[in-house]
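A.B. asks: So that we are looking at the same thing, I have put the structure below in structure tokens.
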Amino acid sequence: MTHNQKGAQGINQAVLPILRRCLALSKELNNPVAGIVGYCEFLLDTSESLTAGQRLSIEEIRDFAVKIQTTLEELAAEKAALAKKIDITALESTPPSGSTATD
């Protein structure tokens with residue numbers, strides 16, 4: 001193995017835990033953020049007694065949550081592109097270093 005190959009392998013090993021966490025985060029965050037957007041829409045659609053300030057606040061919360069959803073969608077697209085280059089399922093099923101499969 002050449003020096004460059006060893007260096008690349010070391011970098012890969014250092015990046016794997018970070019990449020694994022990023023993959024998990026996109027899954028973990030998507031459902032709660034979708035819930036926030038849904039509840040905001042529900043409040044805006046069904047609450048006729050909201051003041052203008054309350055309505056504006058709910059709209060701002062919804063808009064921020066939509067921005068987070070967009071970022072998560074971009075992360076998922078990057079994951080799909082990365083999956084074509086490497087075995088992403090191995091990353092998702094391999095426990096982070098220092099942990100075991102039963103953690």
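Chain labels A, B, ... are given in the sequence in which chains occur in the structure tokens; within each chain residues are numbered consecutively from 1, and ligands are likewise numbered from 1 in the order shown.
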Skipping near chain neighbours, those fewer than 5 positions away, what residues fall within 9 Å of A:Ser26 using only C-alpha atoms, listed as a compact mmCIF listing (two decimals) with C-alpha atoms, in the first residue's frame?
C.D. replies:
# COMPACT_ATOMS: atom_id res chain seq x y z
CA ARG A 21 -23.97 10.74 12.13
CA LEU A 72 -32.64 17.97 5.02
CA GLU A 73 -33.81 17.27 1.45
CA LEU A 75 -28.66 16.29 2.62
CA ALA A 76 -30.75 13.34 1.44
A.B. asks: Can you pull out the residues contacting stretch 30-38 of chain A? Cut-off 8 Å, using only C-alpha atoms, and skip same-chain residues under 3 positions away; I want them as a list in words.
C.D. replies: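 Neighbouring residues, sequence-local ones excluded: Ser26, Lys27, Glu41, Phe42, Ile61, Arg62, Ala65, Val66, Ile68, Gln69 and Leu72 of chain A.
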A.B. asks: If you keep C-alpha atoms, can you produce a file of those selected residues as a PDB file, in the first residue's frame?
C.D. replies:
ATOM      1  CA  SER A  26     -31.351  13.552   8.281  1.00  0.00           C
ATOM      2  CA  LYS A  27     -33.642  10.672   9.260  1.00  0.00           C
ATOM      3  CA  GLU A  41     -50.535  24.851   8.928  1.00  0.00           C
ATOM      4  CA  PHE A  42     -53.252  23.365  11.126  1.00  0.00           C
ATOM      5  CA  ILE A  61     -42.096  29.265  12.711  1.00  0.00           C
ATOM      6  CA  ARG A  62     -43.485  27.437   9.682  1.00  0.00           C
ATOM      7  CA  ALA A  65     -39.161  24.773   9.608  1.00  0.00           C
ATOM      8  CA  VAL A  66     -39.577  24.693   5.819  1.00  0.00           C
ATOM      9  CA  ILE A  68     -34.821  23.138   7.691  1.00  0.00           C
ATOM     10  CA  GLN A  69     -36.818  20.675   5.552  1.00  0.00           C
ATOM     11  CA  LEU A  72     -32.645  17.974   5.015  1.00  0.00           C
TER      12      LEU A  72
END
A.B. asks: For A:Ala80, which residue out of A:Cys40, A:Leu23, A:Leu29, A:Ala52 is the nearest one, using only C-alpha atoms?
C.D. replies: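 Counting only C-alpha atoms, the residue closest to A:Ala80 is A:Leu23.
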A.B. asks: What does the distance from atom CA of A:Ala14 to atom CA of A:Lys85 come to in Å, to one decimal?
C.D. replies: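 Distance between the two atoms: 17.8 Å.
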A.B. asks: So what do you get for atom CA of A:Tyr39 versus atom CA of A:Glu78, distance-wise?
C.D. replies: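 So the answer is 28.1 Å.
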A.B. asks: Measuring atom to atom with only C-alpha atoms, identify which of A:Lys84, A:Lys79, A:Cys22, A:Leu44 is nearest to A:Glu60.
C.D. replies: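 Ranked by minimum distance to A:Glu60, first place goes to A:Leu44.
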A.B. asks: Quick one, how far is atom CA of A:Ala81 from atom CA of A:Phe64?
C.D. replies: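 Straight-line distance from atom CA of A:Ala81 to atom CA of A:Phe64 works out to 26.0 Å.
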